$ cat input_16.cif   # mmCIF, C-alpha atoms and all ligand atoms
data_model
loop_
_atom_site.label_atom_id
_atom_site.label_comp_id
_atom_site.auth_asym_id
_atom_site.auth_seq_id
_atom_site.Cartn_x
_atom_site.Cartn_y
_atom_site.Cartn_z
CA MET A 11 -3.60 -0.21 21.45
CA ALA A 12 -0.17 -1.07 20.16
CA ALA A 13 0.82 0.67 16.97
CA GLY A 14 1.63 -1.32 13.85
CA ALA A 15 5.22 -2.01 12.96
CA ALA A 16 5.55 1.15 10.92
CA GLY A 17 4.22 3.35 13.72
CA ARG A 18 0.74 3.60 12.27
CA VAL A 19 -2.68 2.58 13.50
CA CYS A 20 -5.98 2.28 11.74
CA VAL A 21 -8.98 4.00 13.27
CA CYS A 22 -12.46 3.04 12.05
CA VAL A 23 -14.93 5.85 12.47
CA GLU A 24 -18.66 6.11 11.88
CA ALA A 25 -19.70 9.53 10.61
CA ARG A 26 -23.31 10.67 11.15
CA GLY A 27 -24.88 13.92 10.25
CA PRO A 28 -27.08 15.64 7.69
CA ALA A 29 -26.69 14.30 4.17
CA GLU A 30 -25.06 17.53 2.96
CA ALA A 31 -22.40 17.27 5.70
CA LEU A 32 -21.63 13.63 4.86
CA GLU A 33 -21.44 14.57 1.19
CA ALA A 34 -18.96 17.33 2.06
CA LEU A 35 -16.87 14.83 4.02
CA GLU A 36 -16.97 12.40 1.10
CA ARG A 37 -15.89 15.17 -1.29
CA GLY A 38 -13.04 16.02 1.05
CA LEU A 39 -11.97 12.38 1.18
CA ARG A 40 -12.25 11.96 -2.58
CA ALA A 41 -9.95 14.92 -2.98
CA LEU A 42 -7.32 12.98 -1.04
CA ARG A 43 -7.14 10.38 -3.75
CA ALA A 44 -3.63 10.61 -5.05
CA PRO A 45 -2.17 8.67 -7.97
CA GLY A 46 0.00 5.86 -6.68
CA ALA A 47 -1.21 6.30 -3.13
CA GLY A 48 -2.04 2.63 -3.11
CA ALA A 49 -5.20 2.89 -1.06
CA GLY A 50 -7.23 1.02 -3.66
CA PRO A 51 -10.87 1.36 -4.66
CA GLY A 52 -12.94 3.59 -2.42
CA GLY A 53 -9.91 5.03 -0.70
CA GLY A 54 -7.20 7.60 -0.93
CA ALA A 55 -4.16 8.97 0.81
CA ARG A 56 -2.29 12.14 1.51
CA GLY A 57 0.43 12.92 3.95
CA GLY A 58 -0.06 10.88 7.11
CA LEU A 59 -3.72 10.06 6.46
CA ARG A 60 -4.97 7.09 4.45
CA TRP A 61 -8.53 5.94 4.25
CA HIS A 62 -10.96 3.35 2.99
CA GLY A 63 -14.61 4.03 3.37
CA ARG A 64 -18.11 2.98 2.67
CA ALA A 65 -21.38 4.82 2.47
CA PRO A 66 -24.23 3.65 4.67
CA ARG A 67 -25.92 0.55 3.22
CA PRO A 68 -29.54 1.12 2.22
CA GLY A 69 -31.91 0.30 5.06
CA GLU A 70 -29.14 0.01 7.64
CA GLY A 71 -29.79 3.39 9.15
CA GLY A 72 -26.16 3.89 10.13
CA GLY A 73 -23.67 6.50 9.07
CA ALA A 74 -20.77 6.29 6.67
CA VAL A 75 -17.98 4.10 8.04
CA LEU A 76 -14.42 5.15 7.36
CA SER A 77 -11.23 3.29 8.02
CA VAL A 78 -8.53 5.90 8.51
CA SER A 79 -4.92 5.16 9.20
CA VAL A 80 -2.76 7.71 10.89
CA GLY A 81 0.86 7.76 11.85
CA GLY A 82 3.09 10.11 13.73
CA ALA A 83 4.73 10.98 16.99
CA ARG A 84 1.77 10.17 19.19
CA VAL A 85 1.04 6.60 18.11
CA GLY A 86 1.06 4.00 20.83
CA GLY A 87 -0.82 6.05 23.37
CA GLY A 88 -4.41 4.98 22.56
CA ALA A 89 -6.73 7.99 22.43
CA GLY A 90 -4.06 10.08 20.68
CA GLU A 91 -4.45 8.31 17.35
CA GLU A 92 -8.22 8.44 17.58
CA GLU A 93 -8.14 12.18 18.15
CA GLU A 94 -5.69 12.56 15.32
CA ALA A 95 -7.90 10.58 12.93
CA CYS A 96 -11.08 12.46 13.93
CA GLY A 97 -9.24 15.77 13.74
CA ALA A 98 -8.01 14.94 10.25
CA LEU A 99 -11.55 14.09 9.16
CA ARG A 100 -12.99 17.30 10.67
CA ALA A 101 -10.33 19.28 8.87
CA LEU A 102 -11.81 18.04 5.58
CA LEU A 103 -15.20 19.63 6.33
CA PRO A 104 -16.04 23.17 5.27
CA PRO A 105 -15.50 25.51 8.25
CA ARG A 106 -19.06 26.79 8.55
CA GLY A 107 -20.93 23.69 7.36
CA PRO A 108 -23.27 21.54 9.47
CA PRO A 109 -21.54 19.39 12.08
CA VAL A 110 -20.71 15.72 11.64
CA GLU A 111 -20.70 13.41 14.63
CA LEU A 112 -17.75 11.02 14.60
CA GLU A 113 -17.75 7.84 16.64
CA VAL A 114 -14.68 5.62 16.88
CA LEU A 115 -15.69 1.98 16.28
CA LEU A 116 -12.32 0.25 16.25
CA THR A 117 -8.61 0.95 16.48
CA ALA A 118 -6.39 -1.74 14.95
CA PRO A 119 -2.66 -2.24 14.33
CA CYS A 120 -3.02 -2.77 10.57
CA PRO A 121 -5.25 -1.51 7.74
CA VAL A 122 -8.89 -2.55 8.25
CA PRO A 123 -10.53 -3.57 4.96
CA LEU A 124 -14.02 -2.13 4.40
CA CYS A 125 -14.42 -2.12 0.67
CA PRO A 126 -18.09 -1.41 -0.08
CA ASP A 127 -18.10 -3.11 -3.47
CA TRP A 128 -17.13 -6.50 -2.17
CA THR A 129 -20.45 -8.32 -2.42
CA LEU A 130 -21.15 -11.71 -3.95
CA GLU A 131 -23.78 -10.12 -6.19
CA GLY A 132 -21.36 -7.43 -7.37
CA ALA A 133 -17.58 -7.34 -7.65
CA LEU A 134 -17.04 -10.79 -6.19
CA ARG A 135 -19.26 -12.67 -8.66
CA VAL A 136 -17.68 -14.30 -11.68
CA SER A 137 -19.34 -16.11 -14.55
CA GLY A 138 -18.36 -19.34 -16.19
CA ALA A 139 -21.01 -21.76 -15.09
CA GLU A 140 -20.50 -25.50 -15.29
CA GLY A 141 -17.12 -25.26 -16.91
CA ARG A 142 -18.46 -23.80 -20.17
CA ALA A 143 -16.34 -20.67 -19.89
CA PRO A 144 -13.05 -20.49 -18.05
CA TRP A 145 -12.91 -18.20 -15.06
CA GLY A 146 -10.73 -15.35 -16.10
CA PRO A 147 -8.72 -12.48 -14.68
CA ASP A 148 -11.74 -11.10 -12.78
CA ALA A 149 -11.69 -14.22 -10.61
CA GLU A 150 -7.98 -13.94 -9.90
CA ALA A 151 -8.25 -10.20 -9.21
CA ALA A 152 -11.10 -10.73 -6.73
CA LEU A 153 -9.14 -13.50 -5.04
CA ALA A 154 -6.05 -11.29 -4.73
CA ASP A 155 -7.87 -8.15 -3.54
CA ALA A 156 -10.75 -9.50 -1.49
CA GLY A 157 -9.61 -13.06 -0.78
CA LEU A 158 -12.73 -14.67 -2.30
CA PHE A 159 -15.18 -14.82 -5.16
CA ALA A 160 -18.33 -16.73 -6.00
CA ALA A 161 -19.32 -18.44 -9.23
CA PRO A 162 -23.00 -19.27 -9.63
CA GLY A 163 -23.94 -22.71 -10.94
CA ALA A 164 -20.41 -24.11 -10.90
CA LEU A 165 -21.63 -27.69 -10.55
CA GLY A 166 -24.61 -28.79 -12.51
CA GLY A 167 -27.68 -30.89 -11.79
CA GLY A 168 -26.53 -34.46 -12.35
CA THR A 169 -23.19 -34.08 -10.60
CA LEU A 170 -24.78 -32.24 -7.72
CA GLU A 171 -27.48 -34.86 -7.25
CA LYS A 172 -24.89 -37.62 -7.17
CA LEU A 173 -22.74 -35.67 -4.70
CA ARG A 174 -25.79 -35.18 -2.50
CA GLU A 175 -26.59 -38.90 -2.49
CA PHE A 176 -22.98 -39.73 -1.83
CA CYS A 177 -22.69 -37.28 1.10
CA ASP A 178 -26.03 -38.33 2.57
CA GLY A 179 -24.86 -41.93 2.54
CA ARG A 180 -21.55 -41.08 4.20
CA ILE A 181 -23.22 -38.90 6.82
CA ARG A 182 -25.74 -41.64 7.64
CA ALA A 183 -22.87 -44.11 8.00
CA ALA A 184 -21.01 -41.71 10.32
CA ASP A 185 -24.15 -41.24 12.43
CA ALA A 186 -24.60 -45.00 12.74
CA ALA A 187 -20.93 -45.57 13.64
CA LEU A 188 -21.03 -42.80 16.25
CA ALA A 189 -24.25 -44.17 17.75
CA ALA A 190 -22.73 -47.67 17.89
CA ARG A 191 -19.90 -46.21 20.00
CA GLY A 192 -22.31 -44.36 22.23
CA VAL A 193 -21.14 -40.96 20.99
CA GLY A 194 -24.09 -38.58 20.90
CA ALA A 195 -23.42 -36.40 17.85
CA GLY A 196 -24.18 -32.84 18.88
CA GLU A 197 -23.80 -33.55 22.59
CA ALA A 198 -20.16 -34.57 22.86
CA THR A 199 -17.09 -33.03 21.30
CA PHE A 200 -15.22 -35.71 19.38
CA ALA A 201 -12.45 -36.08 16.84
CA PHE A 202 -12.00 -39.33 14.94
CA ARG A 203 -9.69 -39.91 12.01
CA GLU A 204 -12.55 -39.43 9.58
CA VAL A 205 -15.00 -37.08 11.29
CA ALA A 206 -14.79 -34.37 13.95
CA SER A 207 -17.29 -32.13 15.68
CA ARG A 208 -16.87 -28.43 14.96
CA GLY A 209 -18.97 -27.16 17.86
CA GLY A 210 -22.52 -28.26 18.83
CA GLN A 211 -24.45 -29.51 15.82
CA ARG A 212 -21.68 -28.82 13.25
CA PHE A 213 -19.52 -31.66 11.92
CA ASP A 214 -16.75 -32.16 9.40
CA LEU A 215 -16.54 -35.53 7.62
CA LEU A 216 -13.49 -36.31 5.50
CA LEU A 217 -14.29 -37.83 2.11
CA LEU A 218 -10.98 -37.78 0.27
CA GLU A 219 -7.39 -36.99 1.17
CA GLN A 220 -5.16 -37.18 -1.84
CA GLU A 221 -1.64 -38.06 -0.86
CA GLU A 222 -0.04 -37.58 -4.23
CA ALA A 223 0.61 -33.98 -5.16
CA GLY A 224 -1.22 -33.95 -8.49
CA ALA A 225 -4.67 -32.58 -7.78
CA VAL A 226 -4.67 -29.93 -10.48
CA SER A 227 -1.89 -30.52 -12.97
CA GLY A 228 0.29 -33.13 -14.58
CA PRO A 229 -0.79 -36.71 -14.92
CA HIS A 230 -3.67 -37.36 -12.62
CA PRO A 231 -2.75 -39.63 -9.72
CA ARG A 232 -3.89 -43.19 -10.10
CA GLU A 233 -7.18 -44.03 -8.50
CA GLY A 234 -7.02 -45.16 -4.92
CA SER A 235 -4.14 -42.86 -4.00
CA SER A 236 -5.97 -41.30 -1.08
CA SER A 237 -4.77 -41.58 2.48
CA PRO A 238 -5.59 -44.54 4.73
CA ARG A 239 -7.94 -42.42 6.82
CA ALA A 240 -10.15 -41.39 3.91
CA ALA A 241 -10.00 -44.92 2.48
CA GLU A 242 -11.14 -46.29 5.83
CA ALA A 243 -14.01 -43.84 5.88
CA GLY A 244 -15.07 -45.03 2.44
CA ALA A 245 -14.64 -48.72 3.14
CA GLY A 246 -16.26 -48.60 6.56
CA ALA A 247 -19.10 -46.46 5.32
CA GLY A 248 -19.92 -49.01 2.62
CA GLY A 249 -21.07 -46.26 0.26
CA LEU A 250 -23.65 -46.53 -2.44
CA LEU A 251 -21.11 -46.96 -5.18
CA GLY A 252 -18.42 -48.82 -3.26
CA ALA A 253 -15.47 -46.98 -1.76
CA ALA A 254 -13.13 -47.06 -4.76
CA ALA A 255 -15.82 -45.93 -7.20
CA GLU A 256 -16.89 -43.14 -4.86
CA GLU A 257 -13.33 -41.97 -4.54
CA ALA A 258 -12.82 -42.03 -8.29
CA PHE A 259 -16.02 -40.02 -8.71
CA LEU A 260 -14.86 -37.36 -6.25
CA GLN A 261 -11.46 -37.17 -7.90
CA ARG A 262 -13.12 -36.73 -11.26
CA VAL A 263 -15.39 -33.95 -9.94
CA ALA A 264 -12.36 -32.19 -8.47
CA ARG A 265 -10.32 -32.65 -11.65
CA GLU A 266 -13.05 -31.47 -14.03
CA ALA A 267 -14.52 -28.70 -11.88
CA PRO A 268 -14.45 -25.22 -13.43
CA TRP A 269 -12.25 -23.90 -10.62
CA THR A 270 -9.41 -26.38 -11.30
CA PRO A 271 -7.52 -24.29 -13.92
CA LEU A 272 -7.63 -21.30 -11.57
CA VAL A 273 -6.37 -23.39 -8.65
CA ALA A 274 -3.53 -24.64 -10.88
CA ARG A 275 -2.63 -21.08 -11.89
CA VAL A 276 -2.71 -19.74 -8.34
CA LEU A 277 -1.09 -22.66 -6.48
CA GLY A 278 0.66 -24.70 -9.12
CA GLY A 279 3.50 -22.34 -9.95
CA ARG A 280 5.82 -23.45 -7.22
CA GLY A 281 6.35 -26.79 -8.93
CA ARG A 282 5.89 -28.84 -5.79
CA GLY A 283 2.41 -29.99 -6.77
CA VAL A 284 -0.95 -29.42 -5.18
CA ARG A 285 -2.69 -31.71 -2.71
CA LEU A 286 -6.43 -32.08 -2.35
CA TRP A 287 -8.70 -32.85 0.57
CA VAL A 288 -12.46 -33.11 0.22
CA SER A 289 -14.78 -33.04 3.20
CA VAL A 290 -18.40 -32.23 3.91
CA VAL A 291 -19.21 -29.77 6.69
CA TYR A 292 -22.78 -30.23 7.89
CA SER A 293 -24.65 -28.10 10.39
CA ARG A 294 -27.89 -29.32 11.87
CA PRO A 295 -30.71 -27.31 13.45
CA GLY A 296 -29.36 -25.69 16.58
CA ALA A 297 -25.78 -25.36 15.26
CA PRO A 298 -24.42 -22.21 16.93
CA PRO A 299 -22.47 -19.39 15.25
CA GLN A 300 -18.77 -20.07 15.04
CA GLU A 301 -16.07 -17.76 16.28
CA TRP A 302 -14.40 -15.71 13.56
CA HIS A 303 -11.33 -17.59 12.41
CA ALA A 304 -8.95 -18.19 9.55
CA ASP A 305 -8.50 -21.83 8.55
CA GLY A 306 -4.77 -21.49 8.05
CA PRO A 307 -1.93 -19.34 9.36
CA HIS A 308 -0.06 -16.64 7.46
CA VAL A 309 3.07 -18.12 5.94
CA GLY A 310 5.57 -15.48 4.92
CA ARG A 311 4.91 -11.78 4.83
CA CYS A 312 1.63 -9.89 5.32
CA ALA A 313 0.59 -6.77 3.44
CA GLY A 314 1.98 -3.55 4.82
CA TRP A 315 0.46 -0.07 5.07
CA ASP A 316 1.56 1.08 1.67
CA SER A 317 1.19 -1.99 -0.47
CA GLY A 318 -2.19 -1.20 -1.96
CA ASP A 319 -5.07 -3.60 -2.38
CA GLY A 320 -3.50 -6.04 -4.78
CA GLY A 321 -0.13 -6.98 -3.42
CA GLY A 322 2.26 -6.99 -0.56
CA GLU A 323 1.26 -10.20 1.15
CA ALA A 324 2.82 -13.57 0.34
CA PRO A 325 0.95 -15.43 -2.41
CA PRO A 326 -1.67 -17.92 -1.24
CA TYR A 327 -0.48 -21.41 -0.38
CA ALA A 328 -3.97 -22.90 -0.06
CA LEU A 329 -7.46 -22.32 -1.45
CA CYS A 330 -10.77 -23.65 -0.30
CA VAL A 331 -13.81 -24.12 -2.53
CA PHE A 332 -17.20 -24.31 -0.81
CA VAL A 333 -20.06 -25.89 -2.74
CA PRO A 334 -23.33 -26.00 -0.78
CA LEU A 335 -25.52 -29.00 -1.43
CA CYS A 336 -28.68 -27.04 -0.55
CA ASP A 337 -29.75 -23.42 -1.02
CA LEU A 338 -28.40 -21.34 1.85
CA SER A 339 -30.61 -18.85 3.69
CA GLN A 340 -30.88 -16.85 6.88
CA GLU A 341 -32.77 -19.80 8.35
CA VAL A 342 -30.58 -22.73 7.43
CA GLY A 343 -27.47 -20.56 7.73
CA PHE A 344 -24.48 -19.64 5.60
CA THR A 345 -20.85 -18.71 6.02
CA GLN A 346 -19.97 -15.09 6.65
CA PHE A 347 -16.66 -13.72 5.33
CA TRP A 348 -14.60 -10.61 6.01
CA PRO A 349 -13.14 -9.74 2.59
CA GLY A 350 -9.59 -8.43 2.57
CA THR A 351 -8.53 -10.03 5.86
CA HIS A 352 -6.35 -12.61 4.09
CA ARG A 353 -3.74 -9.88 3.78
CA HIS A 354 -3.16 -9.10 7.48
CA ASP A 355 -2.60 -11.57 10.30
CA GLN A 356 -3.09 -8.83 12.89
CA LEU A 357 -6.87 -8.77 12.37
CA LEU A 358 -7.32 -12.17 14.00
CA GLY A 359 -9.16 -11.46 17.22
CA PHE A 360 -10.93 -8.42 15.72
CA GLY A 361 -13.65 -10.50 14.03
CA GLY A 362 -16.33 -9.26 16.42
CA ALA A 363 -16.00 -5.81 14.85
CA CYS A 364 -16.75 -7.00 11.33
CA GLU A 365 -20.53 -6.66 11.49
CA VAL A 366 -20.36 -3.36 13.40
CA LEU A 367 -18.19 -2.03 10.59
CA GLY A 368 -20.55 -3.42 7.95
CA ALA A 369 -17.54 -5.13 6.37
CA HIS A 370 -19.04 -8.62 6.17
CA CYS A 371 -19.95 -10.52 3.04
CA ASP A 372 -22.72 -13.09 3.49
CA GLY A 373 -22.15 -16.30 1.56
CA LEU A 374 -25.83 -16.79 0.69
CA LEU A 375 -25.18 -19.26 -2.09
CA ARG A 376 -27.47 -21.59 -3.99
CA ALA A 377 -26.89 -25.32 -4.25
CA GLY A 378 -24.11 -25.95 -6.78
CA ASP A 379 -22.59 -22.45 -6.61
CA ALA A 380 -18.91 -22.35 -5.75
CA LEU A 381 -17.23 -19.91 -3.43
CA VAL A 382 -13.44 -19.90 -3.63
CA TYR A 383 -11.49 -18.34 -0.76
CA ASP A 384 -7.93 -17.85 0.34
CA TYR A 385 -7.17 -20.11 3.30
CA ARG A 386 -6.04 -17.08 5.35
CA LEU A 387 -9.37 -15.27 5.00
CA MET A 388 -11.37 -14.66 8.18
CA HIS A 389 -14.84 -16.18 8.24
CA ARG A 390 -17.34 -17.94 10.48
CA GLY A 391 -20.17 -20.43 10.08
CA MET A 392 -23.53 -18.89 10.96
CA PRO A 393 -26.16 -20.70 13.03
CA ASN A 394 -28.67 -23.13 11.62
CA ARG A 395 -31.94 -21.67 12.90
CA SER A 396 -34.28 -24.07 11.15
CA PRO A 397 -36.64 -25.95 13.45
CA GLY A 398 -35.36 -29.18 14.99
CA GLY A 399 -37.11 -32.52 14.81
CA PRO A 400 -37.78 -34.73 11.82
CA GLY A 401 -38.44 -31.80 9.46
CA GLY A 402 -35.16 -30.09 10.49
CA ARG A 403 -33.01 -28.99 7.60
CA GLN A 404 -29.34 -29.81 7.54
CA ARG A 405 -26.93 -27.48 5.74
CA ALA A 406 -24.24 -29.51 4.05
CA ILE A 407 -21.34 -27.79 2.32
CA LEU A 408 -18.72 -29.64 0.32
CA GLN A 409 -15.24 -28.32 0.91
CA PHE A 410 -12.55 -28.86 -1.72
CA PHE A 411 -9.32 -27.85 -0.05
CA TYR A 412 -6.21 -27.50 -2.20
CA HIS A 413 -2.79 -26.74 -0.79
CA ASP A 414 0.72 -26.39 -2.03
CA ALA A 415 2.43 -29.71 -1.26
CA GLY A 416 5.13 -27.80 0.63
CA TYR A 417 2.58 -26.69 3.23
CA ALA A 418 1.99 -29.19 6.05
CA GLU A 419 -1.73 -29.07 6.80
CA ARG A 420 -2.72 -29.88 10.37
CA ARG A 421 -6.41 -30.58 10.16
CA ASN A 422 -7.93 -31.20 13.53
CA TYR A 423 -9.34 -34.62 12.94
CA GLY A 424 -8.36 -37.21 15.55
CA ASP A 425 -6.23 -40.36 15.51
CA ALA A 426 -8.73 -43.07 16.44
CA ALA A 427 -10.59 -44.62 13.50
CA LEU A 428 -14.37 -44.43 13.67
CA PHE A 429 -15.08 -46.88 10.88
CA ALA A 430 -13.88 -50.45 11.23
CA ARG A 431 -11.82 -51.69 8.30
CA ALA A 432 -14.01 -53.54 5.81
O1 LIG B 501 -20.44 -24.01 8.73
C1 LIG B 501 -20.01 -23.18 7.91
O2 LIG B 501 -20.76 -22.46 7.27
C2 LIG B 501 -18.53 -23.02 7.71
C3 LIG B 501 -17.71 -23.87 8.63
C4 LIG B 501 -16.31 -23.38 8.72
O3 LIG B 501 -15.95 -22.37 8.22
C5 LIG B 501 -15.31 -24.14 9.46
O4 LIG B 501 -15.64 -25.18 10.09
O5 LIG B 501 -14.12 -23.72 9.43
#
$ encode --input "input_16.cif" --output "structure tokens" --more "lines below"
Ligand SMILES: O=C(O)CCC(=O)C(=O)O
Amino acid sequence: MAAGAAGRVCVCVEARGPAEALEALERGLRALRAPGAGAGPGGGARGGLRWHGRAPRPGEGGGAVLSVSVGGARVGGGAGEEEEACGALRALLPPRGPPVELEVLLTAPCPVPLCPDWTLEGALRVSGAEGRAPWGPDAEAALADAGLFAAPGALGGGTLEKLREFCDGRIRAADAALAARGVGAGEATFAFREVASRGGQRFDLLLLEQEEAGAVSGPHPREGSSSPRAAEAGAGAGGLLGAAAEEAFLQRVAREAPWTPLVARVLGGRGRGVRLWVSVVYSRPGAPPQEWHADGPHVGRCAGWDSGDGGGEAPPYALCVFVPLCDLSQEVGFTQFWPGTHRHDQLLGFGGACEVLGAHCDGLLRAGDALVYDYRLMHRGMPNRSPGGPGGRQRAILQFFYHDAGYAERRNYGDAALFARA
């Protein structure tokens, strides 16, 4: 295990033992909390030891998981840091108390975020449904600290119904165009200008790509300013409303959505404008779990060891808003997120540890809810386990993707057009 740049590593440890021993450990850790230590909620720091922790989740049956960072002469050697971290934890226990068993779960080159309060039902839920109330500082704080938040009922009945019809029509048109080319959706991997497979039965269909950088502020771009590829998709798909009307409808939804002022505040300050893409990601029965990934790279600096939970990393250059068109569930699937990972590029590749650490946040949203996340945040699409066949349930999620116009997005759609020009 290579040490982080500042000669520190983070060791994640599961502590098991009698309740009184775990309580003693927790008291010892709480006593480490030092003003200005920058370890954030549920953490503390003193000397060479910093920690974030979480208690066992009810019903999980595991121990308390602690993320402890240590630094010193021995870093770089592997087991040395783990011994140092476990030794530091044992030193917090009363000398003659019951023993605590410590098991190392992960050693990583940067802080590993484990904040226990980051759930969509708790700290990461903001109110302001259907644009009636603006999303306030709680939304921006959650986005900065955790990299995401959810807002129930962001899009209301009529709009949602129309979006559903619109997406169904576009998806049917894509299916027909793929079949006409002999491409078996779900069997082959393909990437057209307008639609690409995202592994097995998961697909990503582009609906709108706004070329002018005015998605959230200033005079709204004139209608029909989307890119040729999205226009082709609309024209070729021969949508219910006609391509231009469909595009205007999507632009209006994006412009009037309750998240738009927040997107403008977070991304609009650079003065270069904000670009918008809208796509629908749909997973059919049999869609496998995705690998953990971040949609975009880190641009600029990442958070360091001492920067606390709210700063240090470069500000976001892109935000994604997920709006499911159906209720999400364990059966039909959902997207799983690892809150806090937008701050450190060195956690890419460590995604497999997220569930073991209990650090995941399950995006079990209802139709019309919005989940806003930083484009650098690690996440993965979960499988669609609903039965196949005619009754099979598709999970369709609208994705509104906003990026600073100075960032060159490289979406992995292809070059060949699927839809013939109308
Ligand atoms: O299918 C999902 O739930 C999310 C898909 C996703 O995150 C992606 O394709 O990058």
$ closest_residue --input "input_16.cif" --among "A:Glu91, A:Asp379, A:Glu150, A:Glu111" --to "Arg275 (chain A)" --atoms "all atoms listed in the file"
A:Glu150
$ residues_near_ligand --input "input_16.cif" --ligand "ligand LIG 501 (chain B)" --cutoff "8 Å" --atoms "only C-alpha atoms and all ligand atoms" --output "PDB file with C-alpha atoms, in the coordinates of the input"
ATOM      1  CA  ARG A 208     -16.870 -28.430  14.960  1.00  0.00           C
ATOM      2  CA  ARG A 212     -21.680 -28.820  13.250  1.00  0.00           C
ATOM      3  CA  PHE A 213     -19.520 -31.660  11.920  1.00  0.00           C
ATOM      4  CA  ASP A 214     -16.750 -32.160   9.400  1.00  0.00           C
ATOM      5  CA  VAL A 291     -19.210 -29.770   6.690  1.00  0.00           C
ATOM      6  CA  TYR A 292     -22.780 -30.230   7.890  1.00  0.00           C
ATOM      7  CA  SER A 293     -24.650 -28.100  10.390  1.00  0.00           C
ATOM      8  CA  GLN A 300     -18.770 -20.070  15.040  1.00  0.00           C
ATOM      9  CA  HIS A 303     -11.330 -17.590  12.410  1.00  0.00           C
ATOM     10  CA  ALA A 304      -8.950 -18.190   9.550  1.00  0.00           C
ATOM     11  CA  ASP A 305      -8.500 -21.830   8.550  1.00  0.00           C
ATOM     12  CA  GLY A 343     -27.470 -20.560   7.730  1.00  0.00           C
ATOM     13  CA  PHE A 344     -24.480 -19.640   5.600  1.00  0.00           C
ATOM     14  CA  THR A 345     -20.850 -18.710   6.020  1.00  0.00           C
ATOM     15  CA  GLN A 346     -19.970 -15.090   6.650  1.00  0.00           C
ATOM     16  CA  HIS A 389     -14.840 -16.180   8.240  1.00  0.00           C
ATOM     17  CA  ARG A 390     -17.340 -17.940  10.480  1.00  0.00           C
ATOM     18  CA  GLY A 391     -20.170 -20.430  10.080  1.00  0.00           C
ATOM     19  CA  MET A 392     -23.530 -18.890  10.960  1.00  0.00           C
ATOM     20  CA  PRO A 393     -26.160 -20.700  13.030  1.00  0.00           C
ATOM     21  CA  ARG A 405     -26.930 -27.480   5.740  1.00  0.00           C
ATOM     22  CA  ILE A 407     -21.340 -27.790   2.320  1.00  0.00           C
TER      23      ILE A 407
END
$ residues_around --input "input_16.cif" --residues "region 266-270 of chain A" --least-positions-apart "4" --cutoff "12 Å" --atoms "only C-alpha atoms" --output "MDAnalysis selection string"
chainID A and resid 136:146 149:150 159:166 169:170 224:227 230 259:262 274:278 284 286 329:333 378:383 410:412
$ axis_aligned_box --input "input_16.cif" --around "region 336-342 of chain A" --padding-each-side "8 Å" --output "lines of an AutoDock Vina configuration file"
center_x = -30.6
center_y = -21.9
center_z = 3.7
size_x = 20.4
size_y = 26.2
size_z = 25.4
$ residues_around --input "input_16.cif" --residues "Asn394 (chain A)" --least-positions-apart "3" --cutoff "10 Å" --atoms "all atoms listed in the file" --output "PyMOL selection string"
chain A and resi 211-212+292-299+338-344+391+397-398+402-405
$ atom_distance --input "input_16.cif" --atom1 "CA of Ala426 (chain A)" --atom2 "CA of Glu204 (chain A)"
8.7 Å
$ residues_around --input "input_16.cif" --residues "Asp355 (chain A)" --least-positions-apart "2" --cutoff "8 Å" --atoms "all atoms listed in the file" --output "PyMOL selection string"
chain A and resi 307-308+312+351-353+357-358
$ residues_near_point --input "input_16.cif" --point "(-3.1, 1.3, 7.7)" --cutoff "7 Å" --atoms "all atoms listed in the file" --output "PyMOL selection string"
chain A and resi 18-20+60+79+120-122+315
$ closest_residue --input "input_16.cif" --among "A:Ala133, A:Met388, A:Leu173, A:Ala184" --to "Leu216 (chain A)" --atoms "all atoms listed in the file"
A:Ala184
